[in-house]
Amino acid sequence: MNNEKDKLSQENYELFRELDPDLLQKKFLNALLKIQNVRRGSIWIKRGRTYVCVEAAGIDSENIVGVTLDAGSPSIVGWVIENGKMTIAQAGSDRRHNREVEAHFAIKSSQILCFPLFIDGQVFGAVQIIDTNPDSIHLNLDSSYLSHFQNLLEICSIALGNALCYAREQKKNRRLSSVLSRVEKENTIIGQSKAFHKSMDLVKSYADTDFNVLITGESGTGKELVAERLHTGSARADYPFLVQNCSAIPETLLESELFGYKKGAFTGATRDRAGLFEAADGGTVFLDEIGDMPMGTQAGLLRVLQKNEIKPLGATQVRYINIRIIAATNKDLAGMIQENRFRQDLYYRLSVLPIHLPPLRERREDIPLLVRHFLNVEGRKTNISEKKISPEAIHHLVAYTWPGNIRELENLIRYLMVTTQNEIIKPDDLPERILKINPDGVKESTAPRNTDPQTNETQYLRDISIMTWPDLEKAYVMALMEKFNWNITWAAKASGINRSTFASRMRKLDIHRGTGESPDSTTMG
Ligand SMILES: Nc1ncnc2c1ncn2[C@@H]1O[C@H](COP(=O)(O)OP(=O)(O)OP(=O)(O)O)[C@@H](O)[C@H]1O
C-alpha cells in the first residue's frame with residue numbers, strides 16, 4: 001500500500017511541473033491509467049449544454065477526441081458532471097453508458113471508473129478510466145486505494161483547471177493584442193479619391209452584414225487591409241482575424257493548414273493540430289489569392305460555406321465552426337470557371353458581396369496623401385527625422401504607373417527614407433523607372449517640368465492649379481490633420497480659423513480619419 005502511495009505522490013510532483021494545458025491533460029490521464037493499470041481513458045470538459053472530449057488514450061482514442069455529447073443524451077461523464085460524484089459502471093449493462101460512442105470502438109469497454117473534476121467547488125469536467133479486459137479485473141476498486149486515488153485526482157484537477165484558465169486568459173490576451181494592433185493599423189487606410197470612396201462606402205455597408213465578401217483588385221491595392229477593416233467593423237471584431245495565402249503552397253499543406261489534422265494522418269503528424277478554420281471560430285478568415293486554391297481544397301471550402309463543417313485530415317468525424325470568409329484575388333475567376341479551374345458553386349457562395357479596389361494609377365489624386373502618410377509612418381518607425389518631398393518629386397510620383405500599387409509606393413518611401421541624404425526628397429533621388437516617365441504626359445494641364453530650384457514655387461502653383469477648390473481645401477485640411485495627429489483644435493489654430501468652423505468644413509468635405517470615423521471622433525483638444 002505504501003508503495004502505491006509513493007507512486008501516487010511521484011506522479012503528483014511530475015504533473016505539477018507541467019504548465020502547458022494540453023500536455024498536462026495528456027500526462028494527467030496517462031498517470032491515472034498507469035496507476036490503475038489500464039489503457040483506455042478520456043477527459044471531458046463541460047461546455048454549455050454539452051460535454052466535449054479534450055483528451056483520450058488507448059486504442060481508438062482518435063475516434064473520441066473532439067466528440068461532443070449533448071446533455072440530453074445518456075453518458076457516464078454527463079451523469080458524473082451533473083451529480084458531482086464519482087461512479088463505477090459496467091459498460092455492458094449500465095443504462096447511462098453512451099452506446100453511440102462505444103459503437104466506434106473495435107475493442108469494447110468493460111468497466112468504467114469516472115470522477116468529476118472540480119475548480120473552486122464547481123465541476124468543470126470528468127475523467128474516465130476504462131478497463132477493456134472482458135473480465136474487468138484490472139481496475140483497483142479497493143476503497144482505501146480509491147480514496148488516495150481520489151486525493152490525487154482532486155489535486156490534479158485543480159492543476160488542470162488552473163492550466164485551462166491560464167490558457168483561456170492567454171488566448172484572450174492574444175485576441176486583445178491582435179485587436180489592438182488592428183486598431184492601430186485601422187487609421188492607416190488613406191484615400192480621398194472618388195474611386196477609393198466608392199469602394200470604402202461598400203466596405204462600410206458590408207461590415208454590418210455577415211455575408212462572405214470577395215475582394216478583387218491588383219496586387220498591393222490594399223485587399224488585406226480592407227478585409228481587416230471589414231472584420232473590425234463587424235460583430236466578429238472581438239474574435240480572431242486569420243489570414244491564409246492560398247498561392248505557392250502545396251495542396252496537402254494548404255489543406256492541413258486550413259482544416260487541421262489528426263495524429264498519424266500523415267508522416268510527421270505527431271499530434272493533433274487544429275486548422276485555421278477552427279482557430280478562427282467566431283471570427284473571420286481571409287483567404288488571399290483564392291484563385292490559386294487547388295480544386296480539391298475548393299471542395300472542402302465549399303463544405304465549410306454550405307454546412308459550417310470541417311473534417312481534419314485523418315479524422316472520421318466532422319466539427320462545426322462559425323466563421324465568416326473574406327476571399328481576395330487578382331485573377332479573373334469568371335474566366336477560370338470557363339476553363340474549369342475554379343468551381344462555379346464556390347464562386348457564387350464567395351462573391352455574395354463583391355468589392356473591387358481600383359489600382360493606384362486610377363486614383364492618382366491619392367498619391368500625394370499616401371506619400372505624406374508613409375513618410376510620416378516610416379519616420380516614426382525608423383527614428384530617421386521625417387523627410388519632406390518636393391512638389392516636383394510628387395509630380396513624378398503621380399505620373400508613374402505603379403504596377404505594384406500601394407505596396408510599391410510604400411516600399412519606395414522606405415527606400416527613399418534611407419537613401420536620401422537631404423531633408424527634402426527631390427526628383428534626382430527617385431529611381432530611374434520613375435524618372436523615365438514624362439510626368440507632363442499624364443495630365444494635360446501640367447506645364448513642362450522645371451528643374452530650377454528657384455522656380456519650384458511657380459511649378460508648385462502650376463501643379464495645384466489642376467486641382468478643384470474642394471480638392472485643394474481637402475488636401476490642405478488633410479495635411480493639417482496629419483501634421484497635428486488629428487487634433488482638430490491644433491489644426492484649426494494653425495489654419496487661422498476657429499475650431500467649430502474648421503470642424504464644420506471637415507464635415508462638409510467629408511474628411512475623416514481613414515474612412516470610418518467622423519470628425520468628432522478625432523483627438524479632442
Ligand atoms: N489605402 C491605404 N492606405 C494606407 N496604406 C495602404 C492602403 N492600401 C494598402 N496599404 C498598404 O499597402 C500594403 C499592401 O496592402 P495589402 O497587403 O492590403 O494589399 P493586397 O491587395 O492584399 O496585396 P496582395 O494581393 O499582394 O496580397 C500594406 O502595407 C498596406 O498597409
# chains A, B, ... in the order shown; residues from 1 in each chain; ligands from 1
call {"tool": "residues_around", "arguments": {"residues": "A:Val371", "least_positions_apart": "5", "cutoff": "9 Å", "atoms": "only C-alpha atoms", "output": "number ranges by chain"}}
result
A: 366, 376, 389, 394, 397, 409-410, 413
call {"tool": "residues_near_ligand", "arguments": {"ligand": "ligand 1", "cutoff": "9 Å", "atoms": "only C-alpha atoms and all ligand atoms", "output": "PyMOL selection string"}}
result
chain A and resi 185+187-191+196+215-228+245+288-289+328-330+357+366+369-370+373-374+404-411+514
call {"tool": "atom_distance", "arguments": {"atom1": "atom CA of A:Ala159", "atom2": "atom CA of A:Lys85"}}
result
19.2 Å
call {"tool": "closest_residue", "arguments": {"among": "A:Ile129, A:Arg433, A:Thr420, A:Tyr166", "to": "A:Thr87", "atoms": "only C-alpha atoms"}}
result
A:Ile129
call {"tool": "closest_residue", "arguments": {"among": "A:Met86, A:Val377, A:Leu202, A:Val52", "to": "A:Asn485", "atoms": "only C-alpha atoms"}}
result
A:Val377
call {"tool": "select_by_dssp", "arguments": {"residues": "stretch 15-187 of chain A", "states": "strand (DSSP E or B)", "output": "number ranges by chain"}}
result
A: 40-47, 50-57, 68-70, 87-90, 111-119, 122-131
call {"tool": "write_last_selection", "arguments": {"atoms": "C-alpha atoms", "output": "mmCIF file, in the first residue's frame"}}
result
data_model
loop_
_atom_site.group_PDB
_atom_site.id
_atom_site.type_symbol
_atom_site.label_atom_id
_atom_site.label_comp_id
_atom_site.auth_asym_id
_atom_site.auth_seq_id
_atom_site.Cartn_x
_atom_site.Cartn_y
_atom_site.Cartn_z
ATOM 1 C CA ARG A 40 -8.236 3.406 -22.123
ATOM 2 C CA GLY A 41 -9.310 6.754 -20.684
ATOM 3 C CA SER A 42 -10.609 10.170 -21.556
ATOM 4 C CA ILE A 43 -11.040 13.688 -20.178
ATOM 5 C CA TRP A 44 -14.249 15.609 -20.804
ATOM 6 C CA ILE A 45 -14.987 19.291 -20.301
ATOM 7 C CA LYS A 46 -18.430 20.807 -19.824
ATOM 8 C CA ARG A 47 -19.231 23.464 -22.436
ATOM 9 C CA THR A 50 -22.572 19.729 -23.979
ATOM 10 C CA TYR A 51 -19.594 17.662 -22.835
ATOM 11 C CA VAL A 52 -16.545 17.706 -25.110
ATOM 12 C CA CYS A 53 -13.796 15.088 -25.086
ATOM 13 C CA VAL A 54 -10.493 17.030 -24.958
ATOM 14 C CA GLU A 55 -8.092 14.144 -24.364
ATOM 15 C CA ALA A 56 -8.152 10.400 -24.822
ATOM 16 C CA ALA A 57 -5.730 7.490 -24.551
ATOM 17 C CA THR A 68 -19.365 16.324 -28.271
ATOM 18 C CA LEU A 69 -22.146 14.765 -26.226
ATOM 19 C CA ASP A 70 -25.402 16.555 -25.709
ATOM 20 C CA THR A 87 -19.169 6.356 -10.202
ATOM 21 C CA ILE A 88 -18.253 2.808 -11.227
ATOM 22 C CA ALA A 89 -20.194 1.417 -14.155
ATOM 23 C CA GLN A 90 -20.373 -1.840 -16.092
ATOM 24 C CA GLN A 111 -15.746 -1.390 -16.659
ATOM 25 C CA ILE A 112 -15.667 2.399 -16.275
ATOM 26 C CA LEU A 113 -14.397 4.441 -13.347
ATOM 27 C CA CYS A 114 -15.390 8.081 -13.687
ATOM 28 C CA PHE A 115 -14.500 11.035 -11.423
ATOM 29 C CA PRO A 116 -15.663 14.643 -11.517
ATOM 30 C CA LEU A 117 -13.063 17.416 -11.985
ATOM 31 C CA PHE A 118 -13.517 20.463 -9.774
ATOM 32 C CA ILE A 119 -12.274 24.018 -9.711
ATOM 33 C CA GLN A 122 -17.593 23.762 -9.339
ATOM 34 C CA VAL A 123 -17.488 20.711 -11.595
ATOM 35 C CA PHE A 124 -15.842 21.654 -14.911
ATOM 36 C CA GLY A 125 -15.422 18.169 -16.356
ATOM 37 C CA ALA A 126 -14.833 14.487 -15.719
ATOM 38 C CA VAL A 127 -12.175 11.869 -16.252
ATOM 39 C CA GLN A 128 -12.904 8.288 -17.257
ATOM 40 C CA ILE A 129 -10.585 5.370 -16.577
ATOM 41 C CA ILE A 130 -11.721 2.356 -18.551
ATOM 42 C CA ASP A 131 -10.920 -1.326 -18.322
#
call {"tool": "atom_distance", "arguments": {"atom1": "atom CA of A:Leu258", "atom2": "atom CA of A:Asp22"}}
result
20.8 Å
call {"tool": "select_by_dssp", "arguments": {"residues": "stretch 308-491 of chain A", "states": "alpha helix (DSSP H)", "output": "PyMOL selection string"}}
result
chain A and resi 333-338+344-350+366-382+391-399+405-419+432-435+456-464+469-483+488-491
call {"tool": "write_last_selection", "arguments": {"atoms": "C-alpha atoms", "output": "PDB file, in the first residue's frame"}}
result
ATOM      1  CA  LEU A 333     -12.373  33.992 -61.574  1.00  0.00           C
ATOM      2  CA  ALA A 334     -15.163  34.097 -64.152  1.00  0.00           C
ATOM      3  CA  GLY A 335     -12.611  33.163 -66.846  1.00  0.00           C
ATOM      4  CA  MET A 336     -11.199  30.435 -64.621  1.00  0.00           C
ATOM      5  CA  ILE A 337     -14.699  28.941 -64.232  1.00  0.00           C
ATOM      6  CA  GLN A 338     -14.937  28.670 -68.028  1.00  0.00           C
ATOM      7  CA  GLN A 344     -18.769  27.956 -60.099  1.00  0.00           C
ATOM      8  CA  ASP A 345     -20.774  26.969 -56.982  1.00  0.00           C
ATOM      9  CA  LEU A 346     -17.892  28.167 -54.790  1.00  0.00           C
ATOM     10  CA  TYR A 347     -17.655  31.425 -56.723  1.00  0.00           C
ATOM     11  CA  TYR A 348     -21.335  32.172 -56.114  1.00  0.00           C
ATOM     12  CA  ARG A 349     -21.017  31.407 -52.410  1.00  0.00           C
ATOM     13  CA  LEU A 350     -17.911  33.554 -52.020  1.00  0.00           C
ATOM     14  CA  ASP A 366      -4.451  59.836 -53.522  1.00  0.00           C
ATOM     15  CA  ILE A 367      -0.726  59.577 -54.280  1.00  0.00           C
ATOM     16  CA  PRO A 368       0.330  62.821 -52.514  1.00  0.00           C
ATOM     17  CA  LEU A 369      -1.723  61.838 -49.447  1.00  0.00           C
ATOM     18  CA  LEU A 370      -0.245  58.352 -49.393  1.00  0.00           C
ATOM     19  CA  VAL A 371       3.287  59.685 -49.830  1.00  0.00           C
ATOM     20  CA  ARG A 372       2.875  62.051 -46.871  1.00  0.00           C
ATOM     21  CA  HIS A 373       1.300  59.294 -44.828  1.00  0.00           C
ATOM     22  CA  PHE A 374       4.136  56.824 -45.475  1.00  0.00           C
ATOM     23  CA  LEU A 375       6.812  59.481 -44.860  1.00  0.00           C
ATOM     24  CA  ASN A 376       5.190  60.141 -41.525  1.00  0.00           C
ATOM     25  CA  VAL A 377       4.776  56.468 -40.573  1.00  0.00           C
ATOM     26  CA  GLU A 378       8.263  55.441 -41.684  1.00  0.00           C
ATOM     27  CA  GLY A 379       9.796  58.454 -39.954  1.00  0.00           C
ATOM     28  CA  ARG A 380       8.206  57.377 -36.690  1.00  0.00           C
ATOM     29  CA  LYS A 381       9.140  53.728 -37.192  1.00  0.00           C
ATOM     30  CA  THR A 382      12.746  54.160 -38.200  1.00  0.00           C
ATOM     31  CA  PRO A 391       6.303  69.206 -55.365  1.00  0.00           C
ATOM     32  CA  GLU A 392       8.401  68.207 -58.380  1.00  0.00           C
ATOM     33  CA  ALA A 393       9.149  64.797 -56.982  1.00  0.00           C
ATOM     34  CA  ILE A 394       5.463  64.366 -56.155  1.00  0.00           C
ATOM     35  CA  HIS A 395       4.720  65.320 -59.741  1.00  0.00           C
ATOM     36  CA  HIS A 396       6.833  62.371 -60.931  1.00  0.00           C
ATOM     37  CA  LEU A 397       5.247  60.000 -58.453  1.00  0.00           C
ATOM     38  CA  VAL A 398       1.760  60.997 -59.579  1.00  0.00           C
ATOM     39  CA  ALA A 399       2.739  60.323 -63.200  1.00  0.00           C
ATOM     40  CA  ASN A 405       0.300  49.721 -56.415  1.00  0.00           C
ATOM     41  CA  ILE A 406       0.363  50.959 -52.813  1.00  0.00           C
ATOM     42  CA  ARG A 407       2.838  48.303 -51.679  1.00  0.00           C
ATOM     43  CA  GLU A 408       5.306  49.548 -54.308  1.00  0.00           C
ATOM     44  CA  LEU A 409       4.783  53.139 -53.156  1.00  0.00           C
ATOM     45  CA  GLU A 410       5.231  52.157 -49.516  1.00  0.00           C
ATOM     46  CA  ASN A 411       8.462  50.315 -50.327  1.00  0.00           C
ATOM     47  CA  LEU A 412       9.724  53.229 -52.381  1.00  0.00           C
ATOM     48  CA  ILE A 413       9.203  55.609 -49.464  1.00  0.00           C
ATOM     49  CA  ARG A 414      11.128  53.233 -47.190  1.00  0.00           C
ATOM     50  CA  TYR A 415      13.944  53.193 -49.753  1.00  0.00           C
ATOM     51  CA  LEU A 416      13.940  56.993 -50.090  1.00  0.00           C
ATOM     52  CA  MET A 417      13.978  57.487 -46.314  1.00  0.00           C
ATOM     53  CA  VAL A 418      17.242  55.593 -46.179  1.00  0.00           C
ATOM     54  CA  THR A 419      18.932  56.686 -49.383  1.00  0.00           C
ATOM     55  CA  GLU A 432      15.232  55.527 -62.884  1.00  0.00           C
ATOM     56  CA  ARG A 433      11.981  53.631 -63.554  1.00  0.00           C
ATOM     57  CA  ILE A 434      10.002  56.569 -62.208  1.00  0.00           C
ATOM     58  CA  LEU A 435      12.056  59.329 -63.834  1.00  0.00           C
ATOM     59  CA  ASN A 456       9.887  75.487 -57.688  1.00  0.00           C
ATOM     60  CA  GLU A 457       7.202  77.699 -56.317  1.00  0.00           C
ATOM     61  CA  THR A 458       5.883  78.519 -59.783  1.00  0.00           C
ATOM     62  CA  GLN A 459       5.936  74.831 -60.605  1.00  0.00           C
ATOM     63  CA  TYR A 460       4.066  74.060 -57.406  1.00  0.00           C
ATOM     64  CA  LEU A 461       1.416  76.635 -58.229  1.00  0.00           C
ATOM     65  CA  ARG A 462       1.044  75.101 -61.667  1.00  0.00           C
ATOM     66  CA  ASP A 463       0.602  71.704 -60.039  1.00  0.00           C
ATOM     67  CA  ILE A 464      -2.121  72.830 -57.731  1.00  0.00           C
ATOM     68  CA  TRP A 469     -11.270  74.217 -54.966  1.00  0.00           C
ATOM     69  CA  PRO A 470     -12.786  71.422 -52.821  1.00  0.00           C
ATOM     70  CA  ASP A 471      -9.872  69.111 -53.732  1.00  0.00           C
ATOM     71  CA  LEU A 472      -7.396  71.757 -52.697  1.00  0.00           C
ATOM     72  CA  GLU A 473      -9.222  72.526 -49.464  1.00  0.00           C
ATOM     73  CA  LYS A 474      -9.480  68.820 -48.742  1.00  0.00           C
ATOM     74  CA  ALA A 475      -5.748  68.297 -49.321  1.00  0.00           C
ATOM     75  CA  TYR A 476      -4.952  71.302 -47.099  1.00  0.00           C
ATOM     76  CA  VAL A 477      -7.175  70.128 -44.235  1.00  0.00           C
ATOM     77  CA  MET A 478      -5.859  66.551 -44.535  1.00  0.00           C
ATOM     78  CA  ALA A 479      -2.265  67.819 -44.410  1.00  0.00           C
ATOM     79  CA  LEU A 480      -3.003  69.823 -41.262  1.00  0.00           C
ATOM     80  CA  MET A 481      -4.831  66.940 -39.600  1.00  0.00           C
ATOM     81  CA  GLU A 482      -1.977  64.564 -40.280  1.00  0.00           C
ATOM     82  CA  LYS A 483       0.573  67.098 -39.085  1.00  0.00           C
ATOM     83  CA  ILE A 488      -8.822  69.486 -34.509  1.00  0.00           C
ATOM     84  CA  THR A 489      -8.026  72.310 -32.091  1.00  0.00           C
ATOM     85  CA  TRP A 490      -4.363  72.480 -33.084  1.00  0.00           C
ATOM     86  CA  ALA A 491      -5.110  72.097 -36.788  1.00  0.00           C
TER      87      ALA A 491
END
call {"tool": "atom_distance", "arguments": {"atom1": "atom CA of A:His197", "atom2": "atom CA of A:Ser177"}}
result
29.2 Å
call {"tool": "closest_atom_pairs", "arguments": {"of": "stretch 83-136 of chain A", "to": "stretch 76-79 of chain A", "cutoff": "6 Å", "atoms": "only C-alpha atoms", "output": "CSV"}}
result
residue,atom,partner,partner_atom,distance
A:Asn83,CA,A:Trp79,CA,6.0
A:Arg96,CA,A:Ile76,CA,5.4
A:His97,CA,A:Ile76,CA,5.3
A:Ala126,CA,A:Val77,CA,5.9
call {"tool": "closest_residue", "arguments": {"among": "A:Ser199, A:Gln25, A:Ser109, A:Gln36", "to": "A:Leu160", "atoms": "only C-alpha atoms"}}
result
A:Gln25
call {"tool": "closest_residue", "arguments": {"among": "A:Cys165, A:Ile321, A:Met200, A:Leu302", "to": "A:Pro358", "atoms": "only C-alpha atoms"}}
result
A:Met200
call {"tool": "residues_around", "arguments": {"residues": "stretch 262-272 of chain A", "least_positions_apart": "3", "cutoff": "10 Å", "atoms": "only C-alpha atoms", "output": "PyMOL selection string"}}
result
chain A and resi 62-63+65+252+256+275+311-316
call {"tool": "closest_residue", "arguments": {"among": "A:Ile437, A:Asp201, A:Leu32, A:Ser73", "to": "A:Leu152", "atoms": "only C-alpha atoms"}}
result
A:Leu32
call {"tool": "residues_around", "arguments": {"residues": "A:Leu353", "least_positions_apart": "4", "cutoff": "9 Å", "atoms": "only C-alpha atoms", "output": "number ranges by chain"}}
result
A: 202, 206, 211-215
call {"tool": "closest_residue", "arguments": {"among": "A:Pro74, A:Ile155, A:Gly84, A:Ser144", "to": "A:Phe28", "atoms": "only C-alpha atoms"}}
result
A:Ile155
